[in-house]
Protein chains: 2
Amino acid sequence: MAVNLQAPETLLPVAGVRLASVNAGIRYKNRNDLLLIELENGSHTAAVFTRNAFCAAPVHVCRSHLQHSSPRYLLVNAGNANAGTGEQGMQAARECCEQLAEQGECWAEQVLPFSTGVIGMQLPVEKITAALPQALAQLDENGWMDASRTIMTTDTVAKAISRQVEIFGETITITGIAKGAGMIHPNMATMLAYVATDALLEKETLQRVLNTVVEETFNCITVDGDTSTNDSLVVMATGSSGVYVGGAGLAIFQQALQEVCLYLAQAIIRDGEGATKFISIDVQGAATRAEARVVGNTVALSPLVKTALFASDPNWGRILAAVGRSHVDDLAVDRISIWLGETVLIVNGEPAPSYQEALGAAEMRRDEITIRIDLGRGEASATTWTCDFSYDYVKINAEYRS
Amino acid sequence: MAVNLQAPETLLPVAGVRLASVNAGIRYKNRNDLLLIELENGSHTAAVFTRNAFCAAPVHVCRSHLQHSSPRYLLVNAGNANAGTGEQGMQAARECCEQLAEQGECWAEQVLPFSTGVIGMQLPVEKITAALPQALAQLDENGWMDASRTIMTTDTVAKAISRQVEIFGETITITGIAKGAGMIHPNMATMLAYVATDALLEKETLQRVLNTVVEETFNCITVDGDTSTNDSLVVMATGSSGVYVGGAGLAIFQQALQEVCLYLAQAIIRDGEGATKFISIDVQGAATRAEARVVGNTVALSPLVKTALFASDPNWGRILAAVGRSHVDDLAVDRISIWLGETVLIVNGEPAPSYQEALGAAEMRRDEITIRIDLGRGEASATTWTCDFSYDYVKINAEYRS
């Protein structure tokens, strides 16, 4: 079902990172549902989390632990989100960290817990802790492919990618995995992504680079506007390659990290619930980037635009109406132009004389569609990626649970 | 299909108002598609329109005409929205006004034009003007029931209501009609509503009362957040009853007008595309009314909440997640409580110990459901009305056109 997306055949190990996938029986019977990631001592970790006020217990714990120590282990379970679970859920997340710390010989604050799955059910702590010895025993540099499958919930394709780049003649590796589809699964709650590199970076530099990259990648995707309680993105730098990234090399590293994050973010959209098309919304000519983002999001989230895209109906009035209702002050319609792929729909607020229904219909039949909107009021731009809205979206979200 | 909604059997005429419905052949073959409303000389008219920047040509013309004169005629066509039609569409709307003014013996500025239907097609001016003599000849005080059907597009039930109230011993009448479902039909673009009374009000008073009433009625409904290009609400006061409304009588009038508008606004939701349930979202304990509205709208527009409501799935994690991602600063989760009908889900941010799945399931099976959210941060409140999100919503919006 995913739009032009396939799992990779191989992934590159990242020196200093070992992974293990086991079946803890949290929810799934015949597949792994618990992922353990181990980081070499001296690794640095940066992360961004959901802004949802009702964030899950593990998100609270991660935020706290990241302030107090450098993580040695990441512990990820699928099948239960540990969200909406109150104080008991907080205790459950902490208990998992303590048990792993004891067995893995570190402080509990050096463990980051993550959960994805159903909201509002208490986490089965015993099942998780019982599986830890096996996970610790199986840690392996080549565990990435298994890991990409272990964290899946309703994903139909495993999402993973490796990149190598040279920084002044020396090679560094970046490997990342992700699961969707955060904003569209507040019950199988979560977008989770883990990216590791053997490059050597200072911790503050890593967080700064991540913050920049996330703005251009994960923060540009949306399926239905529903931010989950658990969304987490973690970037880990082990430094094991000995290749120091700073100064002029930083731009090369940032570019490679951005490519990895962009691939993973777009993969989440391509595998969005019920998605049949991959849509790019390019807003340009905005006064500010924030303004471009508002217009892009309004179009991307319009159920009417999304159902028209699903139906391949060149019903451009819906795009125009969505642009028009965007919360942007003093939008001057007579400066706005809109394109569907290569076909111009609106020029300076007027219907394009060259437009014909057949042209619009041809654009709409593609499985990758770009809508371009020029607001004619400045130099700022932003792109938003989304998918269409199909029968299957309703079916999956009406029927999913238990 | 509409949720607990039936067309009224009769409507009361309003002294000073005559109506005529004819078939102009704009789009529909075997039904009327052109409505003419005539107002007695000396009537006052107040109106509110869509805030969509890409508003339709007739909305531009209405705004201009209302500034320069007191309307004598309202001309409403179904089947073509005259939106996204550029300068040619503006000329078409003005031409209709001029032709009607000539035949109806008034100034063109005394005609208000309205259109609802497909966006982006030029208005067939000749068909409309050709039907004007017949419409003028048929004007009748008892034309309200026909009128309520003439303005329908994909509505399944005609929406109309009459109310009489006594103001210090004298009776005034209010009759209103509406069509949906504005925000959910940017292609059959529009929420249109026309309310008339024989009460005698000053023009400024009428507009002020309308602005207050609309905040509590039409501005509290949402189906999918898609504001149309044509939304219009008009209140006409002929003064023909001779009953002056001012001072203490104003509150009585305002209350009656609010009941009429509330009925019509809720009727639009009950007949929303694919709606199977009528949902009230009561947000209380907010610091400001705007904040309450933001939370209510976020829950009301969440596709995940709406599909869960359709499926009668007591998946309260979705409600919680939607509240949590609302754009409200410093939302303190430990003060938030949430109810589904009479069943408490969340108390001060913690799962309610009394909650059982069977209780939630029973609430979810009703066709009218109230979600109550207490933010615990103030005294302000707001209610939002919406409907669920069904297969038929996607079906109607994916397949609808031509």
# chains A, B, ... in the order shown; residues from 1 in each chain; ligands from 1
call {"tool": "interface_residues", "arguments": {"of": "chain B", "to": "chain A", "cutoff": "6 Å", "atoms": "only C-alpha atoms", "output": "PDB file with all heavy atoms, in the first residue's frame"}}
result
ATOM      1  N   ASN B  52     -13.075  33.908   4.239  1.00  0.00           N
ATOM      2  CA  ASN B  52     -12.141  33.330   3.273  1.00  0.00           C
ATOM      3  C   ASN B  52     -11.636  34.422   2.320  1.00  0.00           C
ATOM      4  O   ASN B  52     -12.428  35.157   1.731  1.00  0.00           O
ATOM      5  CB  ASN B  52     -12.843  32.213   2.483  1.00  0.00           C
ATOM      6  CG  ASN B  52     -11.857  31.322   1.760  1.00  0.00           C
ATOM      7  OD1 ASN B  52     -11.003  31.793   1.021  1.00  0.00           O
ATOM      8  ND2 ASN B  52     -11.957  30.021   1.999  1.00  0.00           N
ATOM      9  N   ALA B  53     -10.303  34.523   2.185  1.00  0.00           N
ATOM     10  CA  ALA B  53      -9.726  35.571   1.326  1.00  0.00           C
ATOM     11  C   ALA B  53     -10.155  35.390  -0.128  1.00  0.00           C
ATOM     12  O   ALA B  53     -10.321  36.356  -0.864  1.00  0.00           O
ATOM     13  CB  ALA B  53      -8.203  35.567   1.429  1.00  0.00           C
ATOM     14  N   PHE B  54     -10.326  34.103  -0.524  1.00  0.00           N
ATOM     15  CA  PHE B  54     -10.817  33.830  -1.875  1.00  0.00           C
ATOM     16  C   PHE B  54     -12.342  33.823  -1.860  1.00  0.00           C
ATOM     17  O   PHE B  54     -12.957  32.860  -2.305  1.00  0.00           O
ATOM     18  CB  PHE B  54     -10.316  32.472  -2.366  1.00  0.00           C
ATOM     19  CG  PHE B  54      -8.994  32.537  -3.062  1.00  0.00           C
ATOM     20  CD1 PHE B  54      -7.844  32.039  -2.467  1.00  0.00           C
ATOM     21  CD2 PHE B  54      -8.893  33.092  -4.328  1.00  0.00           C
ATOM     22  CE1 PHE B  54      -6.622  32.085  -3.119  1.00  0.00           C
ATOM     23  CE2 PHE B  54      -7.669  33.141  -4.989  1.00  0.00           C
ATOM     24  CZ  PHE B  54      -6.529  32.646  -4.389  1.00  0.00           C
ATOM     25  N   GLY B  86     -12.885  35.090 -11.013  1.00  0.00           N
ATOM     26  CA  GLY B  86     -12.162  36.299 -11.407  1.00  0.00           C
ATOM     27  C   GLY B  86     -13.062  37.464 -11.759  1.00  0.00           C
ATOM     28  O   GLY B  86     -14.205  37.565 -11.296  1.00  0.00           O
ATOM     29  N   ILE B 119     -17.468  25.534  -7.583  1.00  0.00           N
ATOM     30  CA  ILE B 119     -16.490  26.608  -7.699  1.00  0.00           C
ATOM     31  C   ILE B 119     -15.838  26.548  -9.072  1.00  0.00           C
ATOM     32  O   ILE B 119     -15.614  25.473  -9.621  1.00  0.00           O
ATOM     33  CB  ILE B 119     -15.402  26.464  -6.618  1.00  0.00           C
ATOM     34  CG1 ILE B 119     -15.972  26.761  -5.231  1.00  0.00           C
ATOM     35  CG2 ILE B 119     -14.212  27.376  -6.896  1.00  0.00           C
ATOM     36  CD1 ILE B 119     -14.924  26.705  -4.128  1.00  0.00           C
ATOM     37  N   PRO B 186     -16.721  23.248   0.149  1.00  0.00           N
ATOM     38  CA  PRO B 186     -16.194  24.326  -0.687  1.00  0.00           C
ATOM     39  C   PRO B 186     -16.422  24.100  -2.172  1.00  0.00           C
ATOM     40  O   PRO B 186     -16.128  24.968  -2.948  1.00  0.00           O
ATOM     41  CB  PRO B 186     -14.696  24.353  -0.364  1.00  0.00           C
ATOM     42  CG  PRO B 186     -14.623  23.779   0.976  1.00  0.00           C
ATOM     43  CD  PRO B 186     -15.693  22.731   1.012  1.00  0.00           C
ATOM     44  N   THR B 307     -13.391   9.670  13.537  1.00  0.00           N
ATOM     45  CA  THR B 307     -13.572   8.299  13.064  1.00  0.00           C
ATOM     46  C   THR B 307     -13.888   7.364  14.233  1.00  0.00           C
ATOM     47  O   THR B 307     -14.661   6.414  14.073  1.00  0.00           O
ATOM     48  CB  THR B 307     -12.325   7.782  12.303  1.00  0.00           C
ATOM     49  OG1 THR B 307     -11.148   8.061  13.063  1.00  0.00           O
ATOM     50  CG2 THR B 307     -12.200   8.443  10.945  1.00  0.00           C
ATOM     51  N   ALA B 308     -13.339   7.634  15.420  1.00  0.00           N
ATOM     52  CA  ALA B 308     -13.681   6.822  16.596  1.00  0.00           C
ATOM     53  C   ALA B 308     -15.160   7.008  16.953  1.00  0.00           C
ATOM     54  O   ALA B 308     -15.849   6.045  17.310  1.00  0.00           O
ATOM     55  CB  ALA B 308     -12.798   7.191  17.780  1.00  0.00           C
ATOM     56  N   ALA B 311     -17.209   4.984  14.655  1.00  0.00           N
ATOM     57  CA  ALA B 311     -17.110   3.551  14.933  1.00  0.00           C
ATOM     58  C   ALA B 311     -17.655   3.182  16.311  1.00  0.00           C
ATOM     59  O   ALA B 311     -17.632   2.011  16.693  1.00  0.00           O
ATOM     60  CB  ALA B 311     -15.653   3.107  14.831  1.00  0.00           C
ATOM     61  N   GLY B 317      -8.173   7.780  24.339  1.00  0.00           N
ATOM     62  CA  GLY B 317      -6.810   8.282  24.139  1.00  0.00           C
ATOM     63  C   GLY B 317      -6.768   9.327  23.032  1.00  0.00           C
ATOM     64  O   GLY B 317      -5.970  10.261  23.062  1.00  0.00           O
ATOM     65  N   ARG B 318      -7.643   9.181  22.049  1.00  0.00           N
ATOM     66  CA  ARG B 318      -7.657  10.139  20.948  1.00  0.00           C
ATOM     67  C   ARG B 318      -8.168  11.508  21.394  1.00  0.00           C
ATOM     68  O   ARG B 318      -7.712  12.540  20.908  1.00  0.00           O
ATOM     69  CB  ARG B 318      -8.529   9.605  19.809  1.00  0.00           C
ATOM     70  CG  ARG B 318      -7.956   8.362  19.163  1.00  0.00           C
ATOM     71  CD  ARG B 318      -8.831   7.883  18.021  1.00  0.00           C
ATOM     72  NE  ARG B 318      -8.246   6.714  17.383  1.00  0.00           N
ATOM     73  CZ  ARG B 318      -8.754   6.129  16.305  1.00  0.00           C
ATOM     74  NH1 ARG B 318      -9.854   6.606  15.748  1.00  0.00           N
ATOM     75  NH2 ARG B 318      -8.172   5.079  15.774  1.00  0.00           N
ATOM     76  N   GLY B 324      -4.425  17.603  24.255  1.00  0.00           N
ATOM     77  CA  GLY B 324      -3.021  17.863  24.563  1.00  0.00           C
ATOM     78  C   GLY B 324      -2.271  18.624  23.491  1.00  0.00           C
ATOM     79  O   GLY B 324      -1.302  19.316  23.773  1.00  0.00           O
ATOM     80  N   ARG B 325      -2.706  18.491  22.235  1.00  0.00           N
ATOM     81  CA  ARG B 325      -1.977  19.197  21.179  1.00  0.00           C
ATOM     82  C   ARG B 325      -2.625  20.534  20.817  1.00  0.00           C
ATOM     83  O   ARG B 325      -2.173  21.216  19.889  1.00  0.00           O
ATOM     84  CB  ARG B 325      -1.864  18.319  19.933  1.00  0.00           C
ATOM     85  CG  ARG B 325      -3.143  18.140  19.166  1.00  0.00           C
ATOM     86  CD  ARG B 325      -2.907  17.329  17.899  1.00  0.00           C
ATOM     87  NE  ARG B 325      -4.141  16.842  17.339  1.00  0.00           N
ATOM     88  CZ  ARG B 325      -4.918  17.538  16.502  1.00  0.00           C
ATOM     89  NH1 ARG B 325      -4.596  18.757  16.160  1.00  0.00           N
ATOM     90  NH2 ARG B 325      -6.033  17.007  16.037  1.00  0.00           N
ATOM     91  N   GLU B 350      -5.280  12.206  35.453  1.00  0.00           N
ATOM     92  CA  GLU B 350      -5.080  10.771  35.706  1.00  0.00           C
ATOM     93  C   GLU B 350      -6.296   9.986  35.187  1.00  0.00           C
ATOM     94  O   GLU B 350      -7.413  10.482  35.216  1.00  0.00           O
ATOM     95  CB  GLU B 350      -4.957  10.512  37.212  1.00  0.00           C
ATOM     96  CG  GLU B 350      -3.724  11.114  37.850  1.00  0.00           C
ATOM     97  CD  GLU B 350      -2.506  10.184  37.782  1.00  0.00           C
ATOM     98  OE1 GLU B 350      -2.703   8.952  37.793  1.00  0.00           O
ATOM     99  OE2 GLU B 350      -1.381  10.693  37.705  1.00  0.00           O
ATOM    100  N   ASN B 397     -17.167  13.165  -0.828  1.00  0.00           N
ATOM    101  CA  ASN B 397     -16.207  14.177  -1.246  1.00  0.00           C
ATOM    102  C   ASN B 397     -15.220  13.687  -2.280  1.00  0.00           C
ATOM    103  O   ASN B 397     -14.573  14.483  -2.953  1.00  0.00           O
ATOM    104  CB  ASN B 397     -15.492  14.750  -0.028  1.00  0.00           C
ATOM    105  CG  ASN B 397     -16.388  15.732   0.674  1.00  0.00           C
ATOM    106  OD1 ASN B 397     -16.762  16.744   0.099  1.00  0.00           O
ATOM    107  ND2 ASN B 397     -16.782  15.405   1.890  1.00  0.00           N
ATOM    108  N   ALA B 398     -15.079  12.374  -2.386  1.00  0.00           N
ATOM    109  CA  ALA B 398     -14.195  11.845  -3.429  1.00  0.00           C
ATOM    110  C   ALA B 398     -14.953  11.751  -4.739  1.00  0.00           C
ATOM    111  O   ALA B 398     -14.379  11.926  -5.802  1.00  0.00           O
ATOM    112  CB  ALA B 398     -13.660  10.475  -3.020  1.00  0.00           C
TER     113      ALA B 398
END
call {"tool": "residues_around", "arguments": {"residues": "range 253-258 of chain B", "least_positions_apart": "3", "cutoff": "7 Å", "atoms": "only C-alpha atoms", "output": "VMD selection string"}}
result
chain B and resid 209 213 249 to 250 261 to 262
call {"tool": "write_last_selection", "arguments": {"atoms": "N, CA, C and O atoms", "output": "PDB file, in the first residue's frame"}}
result
ATOM      1  N   VAL B 209     -26.896  42.926  17.200  1.00  0.00           N
ATOM      2  CA  VAL B 209     -27.532  41.705  17.714  1.00  0.00           C
ATOM      3  C   VAL B 209     -27.082  40.496  16.893  1.00  0.00           C
ATOM      4  O   VAL B 209     -26.743  39.439  17.453  1.00  0.00           O
ATOM      5  N   VAL B 213     -25.264  37.121  18.232  1.00  0.00           N
ATOM      6  CA  VAL B 213     -25.925  35.826  18.059  1.00  0.00           C
ATOM      7  C   VAL B 213     -25.059  34.849  17.261  1.00  0.00           C
ATOM      8  O   VAL B 213     -24.973  33.660  17.581  1.00  0.00           O
ATOM      9  N   GLY B 249     -36.965  45.233  25.507  1.00  0.00           N
ATOM     10  CA  GLY B 249     -37.485  44.267  24.539  1.00  0.00           C
ATOM     11  C   GLY B 249     -36.394  43.627  23.710  1.00  0.00           C
ATOM     12  O   GLY B 249     -36.576  42.540  23.144  1.00  0.00           O
ATOM     13  N   LEU B 250     -35.253  44.278  23.659  1.00  0.00           N
ATOM     14  CA  LEU B 250     -34.173  43.788  22.806  1.00  0.00           C
ATOM     15  C   LEU B 250     -33.668  42.412  23.241  1.00  0.00           C
ATOM     16  O   LEU B 250     -33.362  41.556  22.406  1.00  0.00           O
ATOM     17  N   CYS B 261     -31.371  30.871  15.028  1.00  0.00           N
ATOM     18  CA  CYS B 261     -30.043  30.655  14.438  1.00  0.00           C
ATOM     19  C   CYS B 261     -29.403  29.369  14.969  1.00  0.00           C
ATOM     20  O   CYS B 261     -28.733  28.655  14.219  1.00  0.00           O
ATOM     21  N   LEU B 262     -29.628  29.076  16.257  1.00  0.00           N
ATOM     22  CA  LEU B 262     -29.058  27.857  16.829  1.00  0.00           C
ATOM     23  C   LEU B 262     -29.673  26.622  16.162  1.00  0.00           C
ATOM     24  O   LEU B 262     -28.968  25.664  15.811  1.00  0.00           O
TER      25      LEU B 262
END
call {"tool": "residues_around", "arguments": {"residues": "Gln284 in chain B", "least_positions_apart": "6", "cutoff": "7 Å", "atoms": "only C-alpha atoms", "output": "JSON, numbers by chain"}}
result
{"B": [292, 373, 374, 375, 379, 380, 381, 382]}
call {"tool": "write_last_selection", "arguments": {"atoms": "all heavy atoms", "output": "CSV table (one decimal), in the first residue's frame"}}
result
chain,number,residue,atom,x,y,z
B,292,ALA,N,-11.1,28.3,25.2
B,292,ALA,CA,-12.0,27.2,25.2
B,292,ALA,C,-12.4,26.8,23.8
B,292,ALA,O,-12.6,25.6,23.5
B,292,ALA,CB,-13.3,27.6,26.0
B,373,ILE,N,-14.9,18.8,28.6
B,373,ILE,CA,-13.5,19.0,29.0
B,373,ILE,C,-13.4,20.1,30.0
B,373,ILE,O,-13.8,21.3,29.6
B,373,ILE,CB,-12.7,19.2,27.7
B,373,ILE,CG1,-12.8,18.1,26.8
B,373,ILE,CG2,-11.2,19.5,28.1
B,373,ILE,CD1,-12.6,18.4,25.3
B,374,ASP,N,-12.9,19.9,31.2
B,374,ASP,CA,-12.6,21.0,32.1
B,374,ASP,C,-11.1,21.2,32.2
B,374,ASP,O,-10.4,20.3,32.6
B,374,ASP,CB,-13.2,20.6,33.5
B,374,ASP,CG,-13.2,21.8,34.4
B,374,ASP,OD1,-12.3,22.6,34.4
B,374,ASP,OD2,-14.1,21.9,35.3
B,375,LEU,N,-10.7,22.4,31.8
B,375,LEU,CA,-9.3,22.7,31.8
B,375,LEU,C,-8.7,23.1,33.1
B,375,LEU,O,-7.5,23.2,33.3
B,375,LEU,CB,-9.0,23.8,30.7
B,375,LEU,CG,-9.4,23.5,29.3
B,375,LEU,CD1,-9.0,24.7,28.4
B,375,LEU,CD2,-8.6,22.2,28.8
B,379,GLU,N,-12.7,30.5,34.3
B,379,GLU,CA,-14.2,30.4,34.4
B,379,GLU,C,-14.8,30.4,33.0
B,379,GLU,O,-16.0,30.3,32.9
B,379,GLU,CB,-14.7,31.6,35.2
B,379,GLU,CG,-14.2,31.7,36.6
B,379,GLU,CD,-14.7,30.6,37.5
B,379,GLU,OE1,-15.9,30.2,37.3
B,379,GLU,OE2,-14.0,30.0,38.3
B,380,ALA,N,-14.0,30.5,32.0
B,380,ALA,CA,-14.6,30.7,30.6
B,380,ALA,C,-15.0,29.3,30.0
B,380,ALA,O,-14.4,28.3,30.4
B,380,ALA,CB,-13.6,31.4,29.7
B,381,SER,N,-16.0,29.4,29.2
B,381,SER,CA,-16.4,28.1,28.5
B,381,SER,C,-16.9,28.4,27.1
B,381,SER,O,-17.1,29.5,26.7
B,381,SER,CB,-17.6,27.5,29.3
B,381,SER,OG,-18.7,28.4,29.3
B,382,ALA,N,-17.0,27.3,26.3
B,382,ALA,CA,-17.5,27.4,25.0
B,382,ALA,C,-18.0,26.0,24.5
B,382,ALA,O,-17.4,25.0,24.9
B,382,ALA,CB,-16.5,27.9,24.0
call {"tool": "select_by_dssp", "arguments": {"residues": "range 36-230 of chain A", "states": "strand (DSSP E)", "output": "PyMOL selection string"}}
result
chain A and resi 36-39+44-49+73-80+111-118+159-167+170-179+192-197
call {"tool": "select_by_dssp", "arguments": {"residues": "range 146-349 of chain B", "states": "alpha helix (DSSP H)", "output": "number ranges by chain"}}
result
B: 146-150, 203-216, 249-270, 289-301, 303-310, 316-324
call {"tool": "residues_around", "arguments": {"residues": "Tyr28 in chain B", "least_positions_apart": "6", "cutoff": "10 Å", "atoms": "only C-alpha atoms", "output": "PyMOL selection string"}}
result
chain B and resi 78-79+153
call {"tool": "atom_distance", "arguments": {"atom1": "CA of Asp367 in chain A", "atom2": "CA of Glu273 in chain B"}}
result
26.6 Å
call {"tool": "atom_distance", "arguments": {"atom1": "CA of Leu112 in chain B", "atom2": "CA of Leu201 in chain B"}}
result
20.0 Å
call {"tool": "residues_around", "arguments": {"residues": "Leu210 in chain B", "least_positions_apart": "5", "cutoff": "9 Å", "atoms": "only C-alpha atoms", "output": "list in words"}}
result
Ala46, Ala47, Val48, Thr205, Glu215, Val234, Val235, Gln254, Leu257 and Gln258 of chain B
call {"tool": "write_last_selection", "arguments": {"atoms": "all heavy atoms", "output": "mmCIF file, in the first residue's frame"}}
result
data_model
loop_
_atom_site.group_PDB
_atom_site.id
_atom_site.type_symbol
_atom_site.label_atom_id
_atom_site.label_comp_id
_atom_site.auth_asym_id
_atom_site.auth_seq_id
_atom_site.Cartn_x
_atom_site.Cartn_y
_atom_site.Cartn_z
ATOM 1 N N ALA B 46 -29.026 43.118 7.993
ATOM 2 C CA ALA B 46 -27.691 42.943 8.555
ATOM 3 C C ALA B 46 -27.145 41.620 8.030
ATOM 4 O O ALA B 46 -27.919 40.711 7.703
ATOM 5 C CB ALA B 46 -27.740 42.927 10.078
ATOM 6 N N ALA B 47 -25.841 41.505 7.929
ATOM 7 C CA ALA B 47 -25.271 40.278 7.349
ATOM 8 C C ALA B 47 -23.873 40.021 7.870
ATOM 9 O O ALA B 47 -23.173 40.938 8.298
ATOM 10 C CB ALA B 47 -25.245 40.383 5.822
ATOM 11 N N VAL B 48 -23.499 38.748 7.871
ATOM 12 C CA VAL B 48 -22.101 38.364 8.084
ATOM 13 C C VAL B 48 -21.716 37.428 6.947
ATOM 14 O O VAL B 48 -22.542 36.657 6.452
ATOM 15 C CB VAL B 48 -21.867 37.667 9.446
ATOM 16 C CG1 VAL B 48 -22.010 38.654 10.599
ATOM 17 C CG2 VAL B 48 -22.795 36.491 9.637
ATOM 18 N N THR B 205 -28.608 48.424 15.412
ATOM 19 C CA THR B 205 -28.996 47.477 16.458
ATOM 20 C C THR B 205 -29.071 46.067 15.884
ATOM 21 O O THR B 205 -28.584 45.106 16.486
ATOM 22 C CB THR B 205 -30.362 47.863 17.048
ATOM 23 O OG1 THR B 205 -30.305 49.218 17.465
ATOM 24 C CG2 THR B 205 -30.725 46.969 18.226
ATOM 25 N N GLU B 215 -21.932 34.548 17.100
ATOM 26 C CA GLU B 215 -20.837 34.010 17.910
ATOM 27 C C GLU B 215 -21.262 32.779 18.705
ATOM 28 O O GLU B 215 -20.450 31.924 19.021
ATOM 29 C CB GLU B 215 -20.318 35.081 18.882
ATOM 30 C CG GLU B 215 -19.283 35.996 18.288
ATOM 31 C CD GLU B 215 -18.071 35.243 17.768
ATOM 32 O OE1 GLU B 215 -17.516 34.440 18.525
ATOM 33 O OE2 GLU B 215 -17.722 35.440 16.594
ATOM 34 N N VAL B 234 -27.835 36.281 6.505
ATOM 35 C CA VAL B 234 -28.505 37.572 6.375
ATOM 36 C C VAL B 234 -29.709 37.617 7.307
ATOM 37 O O VAL B 234 -30.488 36.661 7.358
ATOM 38 C CB VAL B 234 -28.993 37.797 4.915
ATOM 39 C CG1 VAL B 234 -29.636 39.164 4.769
ATOM 40 C CG2 VAL B 234 -27.829 37.633 3.945
ATOM 41 N N VAL B 235 -29.833 38.685 8.053
ATOM 42 C CA VAL B 235 -31.030 38.899 8.881
ATOM 43 C C VAL B 235 -31.733 40.167 8.393
ATOM 44 O O VAL B 235 -31.099 41.210 8.243
ATOM 45 C CB VAL B 235 -30.679 39.018 10.372
ATOM 46 C CG1 VAL B 235 -31.940 39.320 11.180
ATOM 47 C CG2 VAL B 235 -30.043 37.721 10.865
ATOM 48 N N GLN B 254 -33.465 39.216 20.939
ATOM 49 C CA GLN B 254 -32.164 38.576 20.728
ATOM 50 C C GLN B 254 -32.226 37.097 21.084
ATOM 51 O O GLN B 254 -31.672 36.249 20.382
ATOM 52 C CB GLN B 254 -31.089 39.279 21.567
ATOM 53 C CG GLN B 254 -29.699 38.683 21.360
ATOM 54 C CD GLN B 254 -28.604 39.542 21.968
ATOM 55 O OE1 GLN B 254 -28.635 40.767 21.882
ATOM 56 N NE2 GLN B 254 -27.634 38.898 22.595
ATOM 57 N N LEU B 257 -34.077 35.300 18.283
ATOM 58 C CA LEU B 257 -33.224 35.202 17.094
ATOM 59 C C LEU B 257 -32.145 34.142 17.312
ATOM 60 O O LEU B 257 -31.820 33.360 16.410
ATOM 61 C CB LEU B 257 -32.578 36.560 16.798
ATOM 62 C CG LEU B 257 -31.686 36.600 15.545
ATOM 63 C CD1 LEU B 257 -32.504 36.386 14.272
ATOM 64 C CD2 LEU B 257 -30.928 37.935 15.457
ATOM 65 N N GLN B 258 -31.636 34.095 18.536
ATOM 66 C CA GLN B 258 -30.590 33.117 18.834
ATOM 67 C C GLN B 258 -31.143 31.697 18.734
ATOM 68 O O GLN B 258 -30.461 30.792 18.229
ATOM 69 C CB GLN B 258 -30.009 33.373 20.224
ATOM 70 C CG GLN B 258 -28.850 32.440 20.544
ATOM 71 C CD GLN B 258 -27.888 33.034 21.563
ATOM 72 O OE1 GLN B 258 -27.700 34.255 21.623
ATOM 73 N NE2 GLN B 258 -27.297 32.188 22.370
#
call {"tool": "closest_residue", "arguments": {"among": "B:Leu206, B:Ile26, B:Val14, B:Val59", "to": "Gly117 in chain B", "atoms": "only C-alpha atoms"}}
result
B:Ile26
call {"tool": "closest_residue", "arguments": {"among": "A:Val344, A:Ala147, A:Ala135, A:Ala81", "to": "Ser115 in chain A", "atoms": "only C-alpha atoms"}}
result
A:Ala81
call {"tool": "closest_residue", "arguments": {"among": "A:Asn23, A:Ser280, A:Asn219, A:Ser354", "to": "Leu35 in chain A", "atoms": "only C-alpha atoms"}}
result
A:Asn23
call {"tool": "closest_residue", "arguments": {"among": "A:Pro133, A:Gly180, A:Gly247, A:Gly42", "to": "Ser70 in chain A", "atoms": "only C-alpha atoms"}}
result
A:Gly42
call {"tool": "residues_around", "arguments": {"residues": "Val61 in chain B", "least_positions_apart": "6", "cutoff": "12 Å", "atoms": "only C-alpha atoms", "output": "ChimeraX atom specification"}}
result
/B:49,55,67-68,74-75,82,87,89-98,108-115,230
call {"tool": "residues_around", "arguments": {"residues": "Gly176 in chain A", "least_positions_apart": "5", "cutoff": "7 Å", "atoms": "only C-alpha atoms", "output": "MDAnalysis selection string"}}
result
chainID A and resid 160:162 194:196 260
call {"tool": "closest_residue", "arguments": {"among": "B:Thr45, B:Gln207, B:Asn4, B:Asn32", "to": "Val76 in chain B", "atoms": "only C-alpha atoms"}}
result
B:Asn32
call {"tool": "closest_residue", "arguments": {"among": "B:Arg289, B:Arg31, B:Ala358, B:Arg365", "to": "Arg377 in chain B", "atoms": "only C-alpha atoms"}}
result
B:Arg289
call {"tool": "atom_distance", "arguments": {"atom1": "CA of Lys277 in chain B", "atom2": "CA of Asp33 in chain B"}}
result
29.3 Å
